[in-house]
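Student: Provided herewith: work-v8.cif, mmCIF, C-alpha atoms.
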data_final
loop_
_atom_site.label_atom_id
_atom_site.label_comp_id
_atom_site.auth_asym_id
_atom_site.auth_seq_id
_atom_site.Cartn_x
_atom_site.Cartn_y
_atom_site.Cartn_z
CA MET A 181 -7.33 17.87 37.15
CA ILE A 182 -10.46 15.69 37.42
CA ASP A 183 -12.62 18.78 38.06
CA TRP A 184 -11.06 20.44 35.04
CA PHE A 185 -12.00 17.44 32.89
CA ARG A 186 -15.54 17.29 34.28
CA ASN A 187 -16.10 20.96 33.51
CA LEU A 188 -15.22 20.52 29.84
CA SER A 189 -17.96 20.50 27.22
CA LYS A 190 -19.10 17.16 25.79
CA SER A 191 -17.35 17.74 22.45
CA ARG A 192 -14.09 18.65 24.22
CA LYS A 193 -14.29 15.46 26.31
CA GLN A 194 -14.86 13.52 23.08
CA ASP A 195 -11.83 15.15 21.45
CA ILE A 196 -9.62 14.24 24.41
CA ALA A 197 -10.97 10.66 24.40
CA VAL A 198 -10.22 10.49 20.66
CA ILE A 199 -6.61 11.67 21.15
CA VAL A 200 -6.03 9.20 24.00
CA MET A 201 -7.55 6.28 22.07
CA GLY A 202 -5.72 7.18 18.85
CA ILE A 203 -2.31 7.43 20.53
CA PHE A 204 -3.07 4.26 22.51
CA LEU A 205 -3.72 2.37 19.25
CA VAL A 206 -0.47 3.65 17.74
CA ILE A 207 1.45 2.56 20.85
CA LEU A 208 -0.39 -0.79 20.74
CA ALA A 209 0.74 -1.22 17.13
CA LYS A 210 4.29 -0.57 18.33
CA ILE A 211 4.03 -3.08 21.17
CA LEU A 212 2.37 -5.83 19.14
CA ARG A 213 4.94 -5.65 16.31
CA MET B 279 -19.36 14.86 43.07
CA ILE B 280 -21.02 13.19 40.13
CA GLU B 281 -24.60 14.30 39.75
CA SER B 282 -27.11 11.60 40.67
CA GLU B 283 -28.95 11.73 37.34
CA LYS B 284 -25.74 11.04 35.43
CA LYS B 285 -25.01 7.43 34.61
CA SER B 286 -21.89 5.73 35.91
CA LEU B 287 -19.20 4.83 33.39
CA GLY B 288 -20.00 1.13 33.89
CA GLN B 289 -23.67 1.72 33.14
CA GLU B 290 -22.77 3.78 30.05
CA ILE B 291 -20.63 0.88 28.79
CA VAL B 292 -23.40 -1.67 29.41
CA ASP B 293 -25.95 0.56 27.67
CA SER B 294 -23.61 0.93 24.68
CA LEU B 295 -23.18 -2.82 24.15
CA PRO B 296 -26.25 -3.47 21.90
CA GLY B 297 -25.43 -0.50 19.64
CA GLY B 298 -21.77 -1.47 19.62
CA ALA B 299 -22.64 -5.05 18.66
CA LEU B 300 -24.87 -3.80 15.82
CA VAL B 301 -22.06 -1.56 14.52
CA VAL B 302 -19.60 -4.49 14.62
CA ALA B 303 -22.12 -6.73 12.80
CA VAL B 304 -22.66 -4.16 10.02
CA ALA B 305 -18.91 -3.52 9.69
CA LEU B 306 -18.17 -7.27 9.50
CA ALA B 307 -20.91 -7.75 6.89
CA ALA B 308 -19.39 -4.95 4.77
CA TYR B 309 -15.88 -6.36 5.25
CA PHE B 310 -16.83 -9.86 4.08
CA ILE B 311 -19.37 -8.96 1.38
CA ALA B 312 -17.23 -6.30 -0.41
CA PRO B 313 -14.70 -8.84 -1.86
CA VAL B 314 -17.59 -11.09 -2.97
CA LEU B 315 -19.20 -8.19 -4.90
CA GLN B 316 -15.89 -7.48 -6.62
CA LYS B 317 -16.25 -10.80 -8.48
CA TYR B 318 -19.22 -9.44 -10.46
CA PRO B 319 -18.50 -7.25 -13.51
CA LEU B 320 -21.03 -4.57 -12.44
CA PHE B 321 -19.26 -3.96 -9.14
CA LYS B 322 -15.75 -4.61 -10.44
CA THR B 323 -15.96 -2.18 -13.35
CA TYR B 324 -18.69 0.37 -12.77
CA LEU B 325 -19.80 0.53 -9.16
CA GLU B 326 -16.83 -0.11 -6.91
CA LEU B 327 -18.34 -0.74 -3.52
CA LYS B 328 -15.39 -1.15 -1.17
CA ASP B 329 -16.05 -2.20 2.42
CA PHE B 330 -15.94 1.43 3.70
CA ILE B 331 -18.68 2.49 1.29
CA LEU B 332 -20.70 -0.68 1.92
CA ALA B 333 -20.58 -0.11 5.69
CA ILE B 334 -22.27 3.28 5.25
CA LEU B 335 -24.80 1.91 2.74
CA PHE B 336 -25.71 -1.12 4.87
CA GLY B 337 -26.16 1.15 7.89
CA ILE B 338 -28.43 3.53 5.96
CA PHE B 339 -30.42 0.60 4.57
CA ILE B 340 -31.02 -0.91 8.01
CA LYS B 341 -31.87 2.43 9.64
CA ASN B 342 -34.39 3.35 6.94
CA THR B 343 -36.06 -0.03 6.35
CA VAL B 344 -36.33 -2.19 9.46
CA GLY B 345 -35.29 0.75 11.66
CA VAL B 346 -32.98 0.85 14.68
CA SER B 347 -34.65 0.70 18.09
CA LYS B 348 -33.72 3.05 20.95
CA THR B 349 -31.86 0.22 22.69
CA PHE B 350 -29.07 0.67 20.15
CA ALA B 351 -28.87 4.46 20.41
CA PRO B 352 -26.21 4.76 23.18
CA GLY B 353 -23.76 2.55 21.24
CA LEU B 354 -24.35 4.45 18.00
CA ARG B 355 -23.33 7.75 19.59
CA PHE B 356 -19.71 6.63 19.36
CA SER B 357 -19.70 6.93 15.58
CA THR B 358 -17.98 10.31 15.57
CA ILE B 359 -15.43 9.16 18.13
CA LEU B 360 -14.45 6.12 16.08
CA THR B 361 -14.02 8.08 12.83
CA LYS B 362 -11.96 10.75 14.60
CA THR B 363 -9.86 8.07 16.35
CA GLY B 364 -9.14 6.59 12.92
CA ILE B 365 -7.99 10.04 11.77
CA VAL B 366 -5.57 10.32 14.73
CA VAL B 367 -4.14 6.85 13.95
CA MET B 368 -3.95 7.82 10.27
CA GLY B 369 -1.16 10.21 11.32
CA ALA B 370 1.13 7.13 11.33
CA LYS B 371 0.89 7.06 7.54
CA TYR B 372 2.31 10.58 7.05
CA SER B 373 5.61 12.34 7.61
CA MET B 374 5.80 16.08 8.36
CA MET B 375 7.43 16.63 4.93
CA GLY B 376 4.66 14.78 3.11
CA LEU B 377 2.04 16.59 5.15
CA VAL B 378 3.49 20.00 4.27
CA LYS B 379 3.87 19.04 0.59
CA VAL B 380 0.23 17.99 0.17
CA GLY B 381 -1.16 20.09 3.02
CA GLY B 382 0.10 23.46 1.71
CA PRO B 383 -1.93 23.50 -1.51
CA ALA B 384 -4.72 21.64 0.29
CA LEU B 385 -5.17 24.45 2.81
CA PHE B 386 -5.35 26.99 -0.01
CA TYR B 387 -7.96 25.08 -2.05
CA ILE B 388 -9.95 24.21 1.05
CA ALA B 389 -10.02 27.84 2.24
CA VAL B 390 -11.19 29.11 -1.15
CA PHE B 391 -13.91 26.47 -1.45
CA LEU B 392 -15.05 26.64 2.19
CA PHE B 393 -15.50 30.36 2.47
CA GLY B 394 -16.73 30.59 -1.14
CA THR B 395 -19.40 27.93 -0.63
CA ALA B 396 -20.52 29.42 2.68
CA ILE B 397 -20.92 32.91 1.17
CA ILE B 398 -22.67 31.59 -1.96
CA MET B 399 -25.03 29.46 0.17
CA MET B 400 -26.08 32.46 2.23
CA TRP B 401 -26.64 34.46 -0.96
CA VAL B 402 -28.63 31.68 -2.68
CA GLY B 403 -30.59 31.21 0.55
CA GLN B 404 -31.60 34.85 0.48
CA LYS B 405 -32.65 34.61 -3.19
CA LEU B 406 -34.71 31.43 -2.57
CA LYS B 407 -36.16 33.02 0.59
CA VAL B 408 -34.88 30.20 2.82
CA PRO B 409 -35.13 31.23 6.52
CA THR B 410 -31.78 32.59 7.79
CA PRO B 411 -31.19 29.91 10.50
CA LEU B 412 -31.80 27.08 8.00
CA ALA B 413 -29.69 28.84 5.34
CA ALA B 414 -26.85 29.26 7.87
CA CYS B 415 -27.09 25.59 8.92
CA LEU B 416 -26.99 24.47 5.28
CA ALA B 417 -24.16 26.88 4.47
CA SER B 418 -22.14 25.60 7.40
CA GLY B 419 -22.97 21.96 6.73
CA LEU B 420 -22.24 22.08 3.01
CA SER B 421 -19.06 24.11 3.31
CA VAL B 422 -17.29 22.62 6.31
CA CYS B 423 -18.76 19.41 7.63
CA GLY B 424 -22.28 18.03 7.56
CA VAL B 425 -22.76 17.03 11.14
CA SER B 426 -20.28 18.86 13.37
CA ALA B 427 -20.45 22.22 11.59
CA THR B 428 -24.25 22.22 11.56
CA ILE B 429 -24.26 21.47 15.27
CA ALA B 430 -21.60 24.16 15.81
CA ILE B 431 -23.51 26.92 14.01
CA ALA B 432 -27.01 26.05 15.27
CA PRO B 433 -26.91 27.82 18.66
CA ALA B 434 -25.23 30.91 17.18
CA VAL B 435 -28.03 31.41 14.64
CA ARG B 436 -30.81 30.09 16.90
CA ALA B 437 -31.65 27.27 14.54
CA ARG B 438 -34.41 24.84 15.44
CA ASN B 439 -33.73 21.11 15.79
CA ARG B 440 -35.62 20.63 12.54
CA ASP B 441 -33.24 22.99 10.71
CA MET B 442 -30.28 21.04 12.06
CA ALA B 443 -31.72 17.61 11.22
CA TYR B 444 -32.69 18.81 7.76
CA SER B 445 -29.29 20.33 7.03
CA ILE B 446 -27.47 17.20 8.23
CA ALA B 447 -29.75 15.01 6.08
CA VAL B 448 -29.16 17.13 2.93
CA VAL B 449 -25.40 17.02 3.45
CA LEU B 450 -25.33 13.29 4.14
CA MET B 451 -27.59 12.56 1.17
CA PHE B 452 -25.40 14.57 -1.17
CA GLY B 453 -22.37 12.79 0.28
CA LEU B 454 -24.06 9.44 -0.30
CA LEU B 455 -24.64 10.30 -3.94
CA ALA B 456 -21.02 11.46 -4.20
CA LEU B 457 -19.86 8.23 -2.56
CA LEU B 458 -21.44 6.25 -5.38
CA LEU B 459 -20.60 8.62 -8.24
CA PHE B 460 -17.10 9.89 -7.41
CA PRO B 461 -15.15 6.60 -7.83
CA PRO B 462 -16.55 5.90 -11.35
CA ILE B 463 -15.95 9.57 -12.30
CA GLY B 464 -12.38 9.24 -11.05
CA ARG B 465 -11.81 6.06 -13.09
CA LEU B 466 -13.48 7.53 -16.16
CA LEU B 467 -11.26 10.63 -16.10
CA ASN B 468 -8.24 8.58 -15.06
CA LEU B 469 -7.58 10.85 -12.07
CA SER B 470 -4.32 10.38 -10.17
CA ASP B 471 -4.45 9.66 -6.43
CA THR B 472 -3.62 13.32 -5.69
CA GLN B 473 -6.33 14.61 -8.02
CA TYR B 474 -8.97 12.19 -6.83
CA GLY B 475 -8.11 12.68 -3.14
CA ALA B 476 -8.38 16.45 -3.57
CA PHE B 477 -11.64 16.05 -5.49
CA CYS B 478 -13.14 14.04 -2.61
CA GLY B 479 -11.64 16.29 0.06
CA VAL B 480 -13.17 19.40 -1.48
CA GLY B 481 -16.33 17.98 -3.06
CA ILE B 482 -17.59 15.92 -0.09
CA VAL B 483 -17.96 17.41 3.36
CA ASN B 484 -18.68 14.60 5.78
CA SER B 485 -15.44 13.16 7.20
CA ALA B 486 -16.65 9.56 6.99
CA GLN B 487 -17.83 9.98 3.42
CA VAL B 488 -14.66 11.80 2.31
CA LEU B 489 -12.48 9.02 3.70
CA ALA B 490 -14.75 6.22 2.42
CA ALA B 491 -14.79 7.71 -1.09
CA GLY B 492 -11.01 8.31 -0.98
CA PHE B 493 -9.96 4.90 0.34
CA GLY B 494 -12.63 3.34 -1.92
CA TYR B 495 -10.51 4.52 -4.88
CA SER B 496 -7.04 3.67 -3.59
CA ASP B 497 -4.94 3.90 -0.42
CA GLY B 498 -2.97 6.83 -1.88
CA ALA B 499 -6.14 8.74 -2.75
CA GLY B 500 -7.51 8.02 0.73
CA LEU B 501 -4.42 9.54 2.36
CA VAL B 502 -4.63 12.67 0.20
CA ALA B 503 -8.36 12.93 0.95
CA GLY B 504 -7.45 12.56 4.64
CA ILE B 505 -5.20 15.64 4.52
CA TYR B 506 -7.89 17.70 2.79
CA ASN B 507 -10.37 16.47 5.35
CA ILE B 508 -8.18 17.66 8.22
CA GLY B 509 -7.65 21.01 6.49
CA ARG B 510 -11.40 21.39 6.22
CA VAL B 511 -11.96 20.51 9.85
CA ILE B 512 -9.33 23.05 10.98
CA PHE B 513 -11.27 25.82 9.21
CA LEU B 514 -14.50 24.88 10.98
CA PRO B 515 -14.41 27.54 13.73
CA PHE B 516 -13.55 30.31 11.29
CA VAL B 517 -16.33 29.49 8.83
CA VAL B 518 -18.80 29.08 11.69
CA LEU B 519 -17.77 32.49 13.02
CA MET B 520 -18.16 34.13 9.61
CA LEU B 521 -21.60 32.57 9.12
CA ALA B 522 -22.71 33.56 12.61
CA ILE B 523 -21.73 37.18 11.88
CA MET B 524 -23.48 37.08 8.48
CA ALA B 525 -26.64 35.56 9.97
CA ALA B 526 -26.65 38.04 12.86
CA SER B 527 -26.32 41.03 10.54
CA ARG B 528 -29.05 39.67 8.27
CA GLU B 529 -31.40 39.08 11.22
CA ALA B 530 -30.68 42.59 12.48
CA SER B 531 -31.30 44.15 9.04
CA GLU B 532 -34.62 42.26 8.82
CA GLY B 533 -35.68 43.77 12.14
CA GLY B 534 -35.02 40.62 14.21
CA GLU B 535 -33.47 40.44 17.67
CA GLU B 536 -29.77 41.35 17.83
CA ILE B 537 -27.48 38.35 18.38
CA ARG B 538 -24.23 39.03 20.27
CA ILE B 539 -21.18 37.00 19.25
CA ASN B 540 -18.03 36.52 21.30
CA LYS B 541 -15.66 35.94 18.37
CA TRP B 542 -12.56 34.73 20.19
CA GLN B 543 -14.59 32.46 22.48
CA MET B 544 -16.32 30.94 19.46
CA ILE B 545 -13.02 30.10 17.76
CA VAL B 546 -11.56 28.60 20.94
CA ASP B 547 -14.73 26.61 21.68
CA LYS B 548 -15.14 25.20 18.19
CA PHE B 549 -11.50 24.41 17.40
CA PRO B 550 -11.23 20.65 16.73
CA ILE B 551 -8.43 19.77 19.14
CA PHE B 552 -8.37 16.11 18.10
CA VAL B 553 -6.36 17.36 15.10
CA LEU B 554 -3.51 17.92 17.58
CA GLY B 555 -3.55 14.15 18.26
CA PHE B 556 -3.18 13.52 14.53
CA LEU B 557 -0.25 15.97 14.36
CA ALA B 558 1.37 14.30 17.41
CA VAL B 559 1.23 10.90 15.67
CA VAL B 560 2.66 12.45 12.46
CA ALA B 561 5.49 13.88 14.61
CA PHE B 562 6.16 10.42 16.20
CA ASN B 563 6.40 8.93 12.73
CA THR B 564 8.63 11.71 11.40
CA MET B 565 11.04 11.18 14.32
CA GLY B 566 11.34 7.51 13.32
CA PHE B 567 9.35 6.27 16.29
CA LEU B 568 7.47 3.78 14.09
CA SER B 569 8.93 1.00 11.91
CA LYS B 570 7.27 -0.21 8.70
CA PRO B 571 5.55 -3.27 10.26
CA GLU B 572 4.31 -1.03 13.11
CA ILE B 573 2.87 1.46 10.60
CA LYS B 574 1.21 -1.43 8.78
CA LEU B 575 -0.48 -2.61 11.97
CA ALA B 576 -1.47 0.97 12.83
CA LYS B 577 -3.07 1.18 9.37
CA THR B 578 -5.10 -1.95 10.13
CA PHE B 579 -6.31 -0.31 13.38
CA MET B 580 -7.14 2.83 11.40
CA GLU B 581 -9.14 0.86 8.84
CA TRP B 582 -11.20 -0.84 11.54
CA CYS B 583 -11.83 2.45 13.32
CA PHE B 584 -13.10 3.84 10.01
CA LEU B 585 -15.15 0.77 9.16
CA LEU B 586 -16.88 0.81 12.55
CA GLY B 587 -17.29 4.60 12.49
CA PHE B 588 -18.74 4.55 8.98
CA ALA B 589 -21.17 1.76 9.89
CA SER B 590 -22.50 3.81 12.79
CA ILE B 591 -22.75 6.95 10.62
CA GLY B 592 -24.97 4.93 8.26
CA LEU B 593 -27.02 3.56 11.14
CA THR B 594 -27.81 7.10 12.31
CA THR B 595 -28.64 8.63 8.89
CA ARG B 596 -32.38 9.28 8.63
CA LEU B 597 -33.63 9.79 5.09
CA ALA B 598 -37.01 10.92 6.45
CA ASP B 599 -35.39 14.17 7.68
CA LEU B 600 -35.28 15.29 4.06
CA LYS B 601 -39.07 15.57 4.10
CA ALA B 602 -38.99 17.88 7.10
CA ALA B 603 -38.53 21.12 5.18
CA GLY B 604 -39.64 22.54 1.85
CA LEU B 605 -38.25 22.01 -1.60
CA SER B 606 -36.28 25.28 -1.61
CA GLY B 607 -33.80 24.11 1.02
CA PHE B 608 -33.34 20.80 -0.74
CA LEU B 609 -32.77 22.51 -4.10
CA MET B 610 -30.44 25.03 -2.52
CA GLY B 611 -28.36 22.31 -0.89
CA PHE B 612 -28.07 20.05 -3.92
CA LEU B 613 -27.51 22.88 -6.39
CA VAL B 614 -24.67 24.43 -4.42
CA ALA B 615 -23.10 21.10 -3.43
CA GLY B 616 -23.32 19.85 -7.03
CA ALA B 617 -21.81 23.06 -8.41
CA LYS B 618 -19.06 22.93 -5.77
CA ALA B 619 -18.20 19.33 -6.68
CA ALA B 620 -18.14 20.17 -10.40
CA LEU B 621 -15.91 23.18 -9.77
CA ALA B 622 -13.65 21.07 -7.53
CA LEU B 623 -13.26 18.59 -10.38
CA ILE B 624 -12.31 21.36 -12.82
CA VAL B 625 -9.80 22.80 -10.34
CA VAL B 626 -8.10 19.45 -9.61
CA LEU B 627 -7.91 18.64 -13.33
CA THR B 628 -6.41 22.05 -14.08
CA PHE B 629 -4.01 22.63 -11.19
CA LEU B 630 -3.07 19.23 -9.76
CA GLU B 631 -1.19 16.32 -11.26
#
What do you get writing this file as structure tokens?
Tutor:
Amino acid sequence: MIDWFRNLSKSRKQDIAVIVMGIFLVILAKILR
Amino acid sequence: MIESEKKSLGQEIVDSLPGGALVVAVALAAYFIAPVLQKYPLFKTYLELKDFILAILFGIFIKNTVGVSKTFAPGLRFSTILTKTGIVVMGAKYSMMGLVKVGGPALFYIAVFLFGTAIIMMWVGQKLKVPTPLAACLASGLSVCGVSATIAIAPAVRARNRDMAYSIAVVLMFGLLALLLFPPIGRLLNLSDTQYGAFCGVGIVNSAQVLAAGFGYSDGAGLVAGIYNIGRVIFLPFVVLMLAIMAASREASEGGEEIRINKWQMIVDKFPIFVLGFLAVVAFNTMGFLSKPEIKLAKTFMEWCFLLGFASIGLTTRLADLKAAGLSGFLMGFLVAGAKAALALIVVLTFLE
């Protein structure tokens, strides 16, 4: 799994980071309210 | 094993702190100064500079006057990530039904304008004798998305860094002009949120500028512009593929070296998968996962992601890149982008309510 992530292109890693951060913020909004 | 020349995550974070702090400072300045400007008739009536627009303008001003030293560069690289993160969170503001209702026509208009602009740009480029790689970069940048599409097409057409920088600068400059002109045009013509959002979504091509211009008008217009923006981003790999094929055939017909294109690989590689995150959040919301106060807080997170992302876009926009190439490319870019925006306005006034 880690190797798979490391082998991804920079833009793909960015996209995955964006999805994780975005969903994290939505869940955070749910927790904080 | 992590390669020795690569920085550790901790080091990357430390290196990003100065740039991050600068982005926060610019975003805060825009956030606090925007309401003050609204008290003056000039800004209240004619030149509505909401915080999103101000963040971009402040960033551009700093970058192109006092300059931004290299110390800040690592932190500024996160600009794209922050804007895209805001787009994922923006999913909390839509339901699947609403998305389909606005998104259906949006995809149609976007497809017509994207492919149309790209084809016209290549044709105008040939007439103005703009080199094929630069013409392809401009066509990609002005049809799909200034920064990411230019970067996506560059290797396929063997564009030089100068072509890329120039194309990005032309697109961002046109977007900047649009950012200032679109809201007064919208008010003047009394455009509805749907019309204005579509106008921004089709007429402007940089995600940050589309969203800043949209939300600068109203929340409703910003959300419509957001859907058009996502539609545009989804088409990126297809337009890039079409332009790569057009550029390759033109190079070959002019006696240049043959460029081989793996079509399927190009679509898979360039597909913006962060859109799936946006759709996942829309699905959560449609299933009733989020209550109204939760959506409101998510919207606040979205706005700050945008504000920070827009500030860093401004801080990385170099006006000097415009000088890098001749007048023909500049004319080509502004002519086509201006015509596209005018046509977009006619279409939204005719077909949308």
Student: For the file shown, report as a PyMOL selection string the outcome of the PyMOL selection byres ((chain B) within 7 of (chain A)) at residue level.
Tutor: chain B and resi 359+362-364+366-367+551-552+555+559+568+571-572+575-576+579
Student: Mind dumping the selected residues with C-alpha atoms as a PDB file, in the coordinates of the input?
Tutor:
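Output file result.pdb is given in full below:
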ATOM      1  CA  ILE B 359     -15.430   9.160  18.130  1.00  0.00           C
ATOM      2  CA  LYS B 362     -11.960  10.750  14.600  1.00  0.00           C
ATOM      3  CA  THR B 363      -9.860   8.070  16.350  1.00  0.00           C
ATOM      4  CA  GLY B 364      -9.140   6.590  12.920  1.00  0.00           C
ATOM      5  CA  VAL B 366      -5.570  10.320  14.730  1.00  0.00           C
ATOM      6  CA  VAL B 367      -4.140   6.850  13.950  1.00  0.00           C
ATOM      7  CA  ILE B 551      -8.430  19.770  19.140  1.00  0.00           C
ATOM      8  CA  PHE B 552      -8.370  16.110  18.100  1.00  0.00           C
ATOM      9  CA  GLY B 555      -3.550  14.150  18.260  1.00  0.00           C
ATOM     10  CA  VAL B 559       1.230  10.900  15.670  1.00  0.00           C
ATOM     11  CA  LEU B 568       7.470   3.780  14.090  1.00  0.00           C
ATOM     12  CA  PRO B 571       5.550  -3.270  10.260  1.00  0.00           C
ATOM     13  CA  GLU B 572       4.310  -1.030  13.110  1.00  0.00           C
ATOM     14  CA  LEU B 575      -0.480  -2.610  11.970  1.00  0.00           C
ATOM     15  CA  ALA B 576      -1.470   0.970  12.830  1.00  0.00           C
ATOM     16  CA  PHE B 579      -6.310  -0.310  13.380  1.00  0.00           C
TER      17      PHE B 579
END
Student: List the residues matched by the PyMOL selection byres ((chain B and resi 466-468) around 12) in the displayed structure as a PyMOL selection string, ordered by chain and then by residue number.
Tutor: chain B and resi 323-325+459-465+469-474+477+495+623-624+626-627+631
Student: Between atom CA of B:Ala558 and atom CA of B:Gly353, what is the distance, to one decimal in Å?
Tutor: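 So the two atoms, atom CA of B:Ala558 and atom CA of B:Gly353, lie 28.0 Å apart.
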Student: Measure the distance from atom CA of B:Lys541 to atom CA of B:Val480 in Å and round it to one decimal.
Tutor: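 So the two atoms, atom CA of B:Lys541 and atom CA of B:Val480, lie 26.0 Å apart.
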Student: Rank nothing, just name the residue among B:Ser418, B:Asn342, B:Thr358, B:Ser590 nearest to B:Phe513, using only C-alpha atoms.
Tutor: B:Ser418
Student: Env of stretch 400-410 of chain B: 9 Å cut, atoms = all atoms listed in the file, seq-sep filter 5 positions within chain, self excluded. Answer as a list in words.
Tutor: Thr395, Cys415, Leu416, Ala417, Val435, Ala437, Leu521, Met524, Ala525, Arg528, Glu529, Ser606, Gly607, Met610 and Val614 of chain B
Student: Which value, in Å to one decimal, gives the distance between atom CA of B:Leu354 and atom CA of B:Met442?
Tutor: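 It comes out at 18.6 Å.
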Student: Using the chain letters and numbering of this document, enumerate as a PyMOL selection string the residues selected by the PyMOL selection byres ((chain B and resi 426) around 12).
Tutor: (chain A and resi 191) or (chain B and resi 358-359+362+415-416+418-425+427-432+442-443+445-446+449-450+483-486+510-512+514-515+518+548-550)
Student: If you keep C-alpha atoms, can you produce a file of those selected residues as a PDB file, in the coordinates of the input?
Tutor:
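See result-v1.pdb below for the written result:
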ATOM      1  CA  SER A 191     -17.350  17.740  22.450  1.00  0.00           C
TER       2      SER A 191
ATOM      3  CA  THR B 358     -17.980  10.310  15.570  1.00  0.00           C
ATOM      4  CA  ILE B 359     -15.430   9.160  18.130  1.00  0.00           C
ATOM      5  CA  LYS B 362     -11.960  10.750  14.600  1.00  0.00           C
ATOM      6  CA  CYS B 415     -27.090  25.590   8.920  1.00  0.00           C
ATOM      7  CA  LEU B 416     -26.990  24.470   5.280  1.00  0.00           C
ATOM      8  CA  SER B 418     -22.140  25.600   7.400  1.00  0.00           C
ATOM      9  CA  GLY B 419     -22.970  21.960   6.730  1.00  0.00           C
ATOM     10  CA  LEU B 420     -22.240  22.080   3.010  1.00  0.00           C
ATOM     11  CA  SER B 421     -19.060  24.110   3.310  1.00  0.00           C
ATOM     12  CA  VAL B 422     -17.290  22.620   6.310  1.00  0.00           C
ATOM     13  CA  CYS B 423     -18.760  19.410   7.630  1.00  0.00           C
ATOM     14  CA  GLY B 424     -22.280  18.030   7.560  1.00  0.00           C
ATOM     15  CA  VAL B 425     -22.760  17.030  11.140  1.00  0.00           C
ATOM     16  CA  ALA B 427     -20.450  22.220  11.590  1.00  0.00           C
ATOM     17  CA  THR B 428     -24.250  22.220  11.560  1.00  0.00           C
ATOM     18  CA  ILE B 429     -24.260  21.470  15.270  1.00  0.00           C
ATOM     19  CA  ALA B 430     -21.600  24.160  15.810  1.00  0.00           C
ATOM     20  CA  ILE B 431     -23.510  26.920  14.010  1.00  0.00           C
ATOM     21  CA  ALA B 432     -27.010  26.050  15.270  1.00  0.00           C
ATOM     22  CA  MET B 442     -30.280  21.040  12.060  1.00  0.00           C
ATOM     23  CA  ALA B 443     -31.720  17.610  11.220  1.00  0.00           C
ATOM     24  CA  SER B 445     -29.290  20.330   7.030  1.00  0.00           C
ATOM     25  CA  ILE B 446     -27.470  17.200   8.230  1.00  0.00           C
ATOM     26  CA  VAL B 449     -25.400  17.020   3.450  1.00  0.00           C
ATOM     27  CA  LEU B 450     -25.330  13.290   4.140  1.00  0.00           C
ATOM     28  CA  VAL B 483     -17.960  17.410   3.360  1.00  0.00           C
ATOM     29  CA  ASN B 484     -18.680  14.600   5.780  1.00  0.00           C
ATOM     30  CA  SER B 485     -15.440  13.160   7.200  1.00  0.00           C
ATOM     31  CA  ALA B 486     -16.650   9.560   6.990  1.00  0.00           C
ATOM     32  CA  ARG B 510     -11.400  21.390   6.220  1.00  0.00           C
ATOM     33  CA  VAL B 511     -11.960  20.510   9.850  1.00  0.00           C
ATOM     34  CA  ILE B 512      -9.330  23.050  10.980  1.00  0.00           C
ATOM     35  CA  LEU B 514     -14.500  24.880  10.980  1.00  0.00           C
ATOM     36  CA  PRO B 515     -14.410  27.540  13.730  1.00  0.00           C
ATOM     37  CA  VAL B 518     -18.800  29.080  11.690  1.00  0.00           C
ATOM     38  CA  LYS B 548     -15.140  25.200  18.190  1.00  0.00           C
ATOM     39  CA  PHE B 549     -11.500  24.410  17.400  1.00  0.00           C
ATOM     40  CA  PRO B 550     -11.230  20.650  16.730  1.00  0.00           C
TER      41      PRO B 550
END
Student: Nearest to B:Met565 among B:Val448, B:Met580, B:Ala499, B:Ala370, with distances taken over all atoms listed in the file: which residue is it?
Tutor: B:Ala370
Student: Can you pull out the residues contacting B:Val502? Cut-off 10 Å, using only C-alpha atoms, and skip same-chain residues under 4 positions away; I want them as a PDB file with C-alpha atoms, keeping the file's coordinate frame.
Tutor:
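Wrote selection.pdb, looks like this:
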ATOM      1  CA  TYR B 372       2.310  10.580   7.050  1.00  0.00           C
ATOM      2  CA  GLY B 376       4.660  14.780   3.110  1.00  0.00           C
ATOM      3  CA  LEU B 377       2.040  16.590   5.150  1.00  0.00           C
ATOM      4  CA  VAL B 380       0.230  17.990   0.170  1.00  0.00           C
ATOM      5  CA  GLY B 381      -1.160  20.090   3.020  1.00  0.00           C
ATOM      6  CA  ALA B 384      -4.720  21.640   0.290  1.00  0.00           C
ATOM      7  CA  ASP B 471      -4.450   9.660  -6.430  1.00  0.00           C
ATOM      8  CA  THR B 472      -3.620  13.320  -5.690  1.00  0.00           C
ATOM      9  CA  GLN B 473      -6.330  14.610  -8.020  1.00  0.00           C
ATOM     10  CA  TYR B 474      -8.970  12.190  -6.830  1.00  0.00           C
ATOM     11  CA  GLY B 475      -8.110  12.680  -3.140  1.00  0.00           C
ATOM     12  CA  ALA B 476      -8.380  16.450  -3.570  1.00  0.00           C
ATOM     13  CA  PHE B 477     -11.640  16.050  -5.490  1.00  0.00           C
ATOM     14  CA  CYS B 478     -13.140  14.040  -2.610  1.00  0.00           C
ATOM     15  CA  GLY B 479     -11.640  16.290   0.060  1.00  0.00           C
ATOM     16  CA  LEU B 489     -12.480   9.020   3.700  1.00  0.00           C
ATOM     17  CA  GLY B 492     -11.010   8.310  -0.980  1.00  0.00           C
ATOM     18  CA  PHE B 493      -9.960   4.900   0.340  1.00  0.00           C
ATOM     19  CA  ASP B 497      -4.940   3.900  -0.420  1.00  0.00           C
ATOM     20  CA  GLY B 498      -2.970   6.830  -1.880  1.00  0.00           C
ATOM     21  CA  TYR B 506      -7.890  17.700   2.790  1.00  0.00           C
ATOM     22  CA  ASN B 507     -10.370  16.470   5.350  1.00  0.00           C
TER      23      ASN B 507
END
